[in-house]
Amino acid sequence: MIASPASADVYTLGEGPVWDPVRQRLLWVDIVAGAVHEGRLDGERIDVTGSHRFDSTVGAVAVSAEGELIVAERITLTRVGLDGSRTTLAQVRTRGRLNDGAVDPAGRFLIGSLGQVGQEVLARLDETGITYLDTDLTLSNGLAWIDGRLYSVDTGSGIVWVRDYDTGLRREAFRITEGLPDGMCADADGTLWIANWGLGRVERRTTSGDLLALVETGAPHTTSACFAGPDLDILVITTATQELSEPGPLDGRLFTARVGVRGLPAPYWRS
């Protein structure tokens, strides 16, 4: 299956798309530009409606039911209020920077890091502060929950980890040996959609790693995906121009595809 370019704008390191159903808006980040973007679907096109700029990198964004944002700056988690005000919530212990994040079924924000291979973290923010779930990752990336289990990507090792989320005991679900697994989301059928940096595609896989389908973008640095739209039946894909010596006309753009399944709604952050 071939995805269609959905944006005119180009992003250096587009990442972390999130669908906000109450406001029918899409959120995503350009990490190195320090920007959170907002947009609306027009059919299968995406129109940018606003942006929030920061002085550091921005690894991820999530949204509350009321519309407030939580933004992962370089090492700081920041609340963006409805009036645009910004409040520091916590800092995450990393020598690198914060990367991909997502909200768990209980409304808590999880965020990973990259920069110090073998020492990167997966952390969770709740009412007591920061809890570190992993401290031995190469590059923490995509997160998804299916049937009470957390699936998490460690890009450098190619491993997709799984754990019963209540116990926290981690084991290897499967390993991707071609390209680099990046961002990830889940669908209502209980399968994973994993962006592959280097191969220009999103891979649909079972929770044991069997490859079911491919969505090609034509942009080799495909970074992440989410399901969007009123029926959660449009797969939105982010890509990057970073580390490409001669970016092509599709690199760094947003893409959409109708893949024949519906996504799982992303939980709202409990602010």
# chains A, B, ... in the order shown; residues from 1 in each chain; ligands from 1
>>> select_by_dssp(residues="segment 66-217 of chain A", states="strand (DSSP E or B)", output="JSON, numbers by chain")
{"A": [69, 70, 71, 72, 76, 77, 78, 79, 80, 86, 87, 88, 89, 90, 91, 97, 98, 99, 100, 101, 102, 103, 109, 110, 111, 112, 113, 114, 120, 121, 122, 123, 124, 125, 126, 129, 130, 131, 132, 133, 134, 135, 136, 137, 139, 140, 141, 142, 143, 144, 145, 146, 149, 150, 151, 152, 153, 154, 159, 160, 161, 162, 163, 164, 170, 171, 172, 173, 174, 175, 180, 181, 182, 183, 184, 185, 186, 187, 192, 193, 194, 195, 196, 197, 201, 202, 203, 204, 205, 211, 212, 213, 214, 215, 216]}
>>> residues_around(residues="segment 66-79 of chain A", least_positions_apart="2", cutoff="7 Å", atoms="only C-alpha atoms", output="PDB file with N, CA and C atoms, in the first residue's frame")
ATOM      1  N   SER A  56      14.029  24.816  23.090  1.00  0.00           N
ATOM      2  CA  SER A  56      14.815  23.588  23.105  1.00  0.00           C
ATOM      3  C   SER A  56      14.189  22.597  22.130  1.00  0.00           C
ATOM      4  N   THR A  57      14.771  21.404  22.061  1.00  0.00           N
ATOM      5  CA  THR A  57      14.118  20.348  21.294  1.00  0.00           C
ATOM      6  C   THR A  57      12.785  19.996  21.946  1.00  0.00           C
ATOM      7  N   VAL A  58      11.879  19.440  21.151  1.00  0.00           N
ATOM      8  CA  VAL A  58      10.579  18.988  21.646  1.00  0.00           C
ATOM      9  C   VAL A  58      10.383  17.555  21.166  1.00  0.00           C
ATOM     10  N   GLY A  59      10.410  16.599  22.112  1.00  0.00           N
ATOM     11  CA  GLY A  59      10.352  15.193  21.741  1.00  0.00           C
ATOM     12  C   GLY A  59       8.963  14.645  21.530  1.00  0.00           C
ATOM     13  N   ALA A  60       7.976  15.183  22.246  1.00  0.00           N
ATOM     14  CA  ALA A  60       6.630  14.604  22.191  1.00  0.00           C
ATOM     15  C   ALA A  60       5.626  15.592  22.743  1.00  0.00           C
ATOM     16  N   VAL A  61       4.347  15.342  22.407  1.00  0.00           N
ATOM     17  CA  VAL A  61       3.238  16.132  22.923  1.00  0.00           C
ATOM     18  C   VAL A  61       2.082  15.183  23.215  1.00  0.00           C
ATOM     19  N   ALA A  62       1.277  15.536  24.220  1.00  0.00           N
ATOM     20  CA  ALA A  62       0.014  14.847  24.500  1.00  0.00           C
ATOM     21  C   ALA A  62      -0.979  15.897  24.963  1.00  0.00           C
ATOM     22  N   VAL A  63      -2.254  15.509  25.043  1.00  0.00           N
ATOM     23  CA  VAL A  63      -3.308  16.477  25.304  1.00  0.00           C
ATOM     24  C   VAL A  63      -4.255  15.944  26.373  1.00  0.00           C
ATOM     25  N   SER A  64      -4.800  16.855  27.175  1.00  0.00           N
ATOM     26  CA  SER A  64      -5.793  16.493  28.185  1.00  0.00           C
ATOM     27  C   SER A  64      -7.189  16.606  27.589  1.00  0.00           C
ATOM     28  N   GLY A  81      -1.111  25.707  29.056  1.00  0.00           N
ATOM     29  CA  GLY A  81      -2.503  25.932  29.406  1.00  0.00           C
ATOM     30  C   GLY A  81      -3.322  26.400  28.222  1.00  0.00           C
ATOM     31  N   LEU A  82      -4.631  26.461  28.415  1.00  0.00           N
ATOM     32  CA  LEU A  82      -5.528  26.905  27.352  1.00  0.00           C
ATOM     33  C   LEU A  82      -5.267  28.353  26.960  1.00  0.00           C
ATOM     34  N   ARG A  86       2.722  28.560  30.389  1.00  0.00           N
ATOM     35  CA  ARG A  86       3.581  27.389  30.473  1.00  0.00           C
ATOM     36  C   ARG A  86       4.058  27.167  31.900  1.00  0.00           C
ATOM     37  N   THR A  87       3.938  25.920  32.357  1.00  0.00           N
ATOM     38  CA  THR A  87       4.304  25.560  33.720  1.00  0.00           C
ATOM     39  C   THR A  87       5.197  24.335  33.686  1.00  0.00           C
ATOM     40  N   THR A  88       6.335  24.406  34.375  1.00  0.00           N
ATOM     41  CA  THR A  88       7.224  23.251  34.477  1.00  0.00           C
ATOM     42  C   THR A  88       6.628  22.231  35.429  1.00  0.00           C
ATOM     43  N   LEU A  89       6.502  20.988  34.973  1.00  0.00           N
ATOM     44  CA  LEU A  89       5.941  19.921  35.790  1.00  0.00           C
ATOM     45  C   LEU A  89       7.020  19.055  36.434  1.00  0.00           C
ATOM     46  N   ALA A  90       8.054  18.723  35.682  1.00  0.00           N
ATOM     47  CA  ALA A  90       9.101  17.836  36.185  1.00  0.00           C
ATOM     48  C   ALA A  90      10.254  17.842  35.206  1.00  0.00           C
ATOM     49  N   GLN A  91      11.406  17.350  35.670  1.00  0.00           N
ATOM     50  CA  GLN A  91      12.541  17.110  34.796  1.00  0.00           C
ATOM     51  C   GLN A  91      12.907  15.635  34.852  1.00  0.00           C
ATOM     52  N   VAL A  92      13.328  15.106  33.703  1.00  0.00           N
ATOM     53  CA  VAL A  92      13.676  13.693  33.588  1.00  0.00           C
ATOM     54  C   VAL A  92      15.193  13.571  33.573  1.00  0.00           C
ATOM     55  N   ARG A  97      18.404  13.759  25.439  1.00  0.00           N
ATOM     56  CA  ARG A  97      17.187  14.558  25.359  1.00  0.00           C
ATOM     57  C   ARG A  97      15.987  13.635  25.360  1.00  0.00           C
ATOM     58  N   LEU A  98      14.830  14.194  25.669  1.00  0.00           N
ATOM     59  CA  LEU A  98      13.598  13.423  25.647  1.00  0.00           C
ATOM     60  C   LEU A  98      13.171  13.179  24.208  1.00  0.00           C
TER      61      LEU A  98
END
>>> closest_atom_pairs(of="segment 208-254 of chain A", to="segment 259-264 of chain A", cutoff="8 Å", atoms="only C-alpha atoms", output="CSV")
residue,atom,partner,partner_atom,distance
A:Cys226,CA,A:Gly263,CA,7.7
A:Phe227,CA,A:Gly263,CA,5.1
A:Ala228,CA,A:Gly263,CA,7.7
A:Asp231,CA,A:Arg262,CA,7.1
A:Leu232,CA,A:Arg262,CA,5.2
A:Asp233,CA,A:Arg262,CA,4.6
A:Ile234,CA,A:Val259,CA,7.2
A:Leu235,CA,A:Val259,CA,7.0
>>> write_last_selection(atoms="C-alpha atoms", output="CSV table (one decimal), in the first residue's frame")
chain,number,residue,atom,x,y,z
A,226,CYS,CA,-1.3,7.4,14.6
A,227,PHE,CA,-4.9,6.8,13.7
A,228,ALA,CA,-6.9,9.9,13.1
A,231,ASP,CA,-13.8,7.1,12.8
A,232,LEU,CA,-10.0,6.6,13.5
A,233,ASP,CA,-9.7,5.1,10.1
A,234,ILE,CA,-6.9,7.3,8.6
A,235,LEU,CA,-3.3,6.4,9.4
>>> atom_distance(atom1="atom CA of Arg205 of chain A", atom2="atom CA of Gln24 of chain A")
27.6 Å
>>> atom_distance(atom1="atom CA of Glu172 of chain A", atom2="atom CA of Thr222 of chain A")
23.3 Å
>>> closest_residue(among="A:Asp30, A:Asp55, A:Asp154, A:Asp187", to="Ala173 of chain A", atoms="only C-alpha atoms")
A:Asp154
>>> closest_residue(among="A:Gly14, A:Pro5, A:Gly183, A:Gly229", to="Thr241 of chain A", atoms="only C-alpha atoms")
A:Gly14
>>> atom_distance(atom1="atom CA of Ala188 of chain A", atom2="atom CA of Glu44 of chain A")
20.4 Å
>>> residues_around(residues="Gly115 of chain A", least_positions_apart="6", cutoff="12 Å", atoms="only C-alpha atoms", output="NGL selection string")
:A and (74-75 or 93-99 or 121 or 136-140 or 155-156)
>>> residues_around(residues="Leu192 of chain A", least_positions_apart="5", cutoff="7 Å", atoms="only C-alpha atoms", output="PyMOL selection string")
chain A and resi 184-187+204-207
>>> closest_residue(among="A:Ala225, A:Ala123, A:Val29, A:Val160", to="Val10 of chain A", atoms="only C-alpha atoms")
A:Val29
>>> closest_residue(among="A:Ile31, A:Leu41, A:Ile194, A:Leu133", to="Ala6 of chain A", atoms="only C-alpha atoms")
A:Leu41
>>> closest_residue(among="A:Ala8, A:Val153, A:Leu244, A:Leu199", to="Asp47 of chain A", atoms="only C-alpha atoms")
A:Ala8
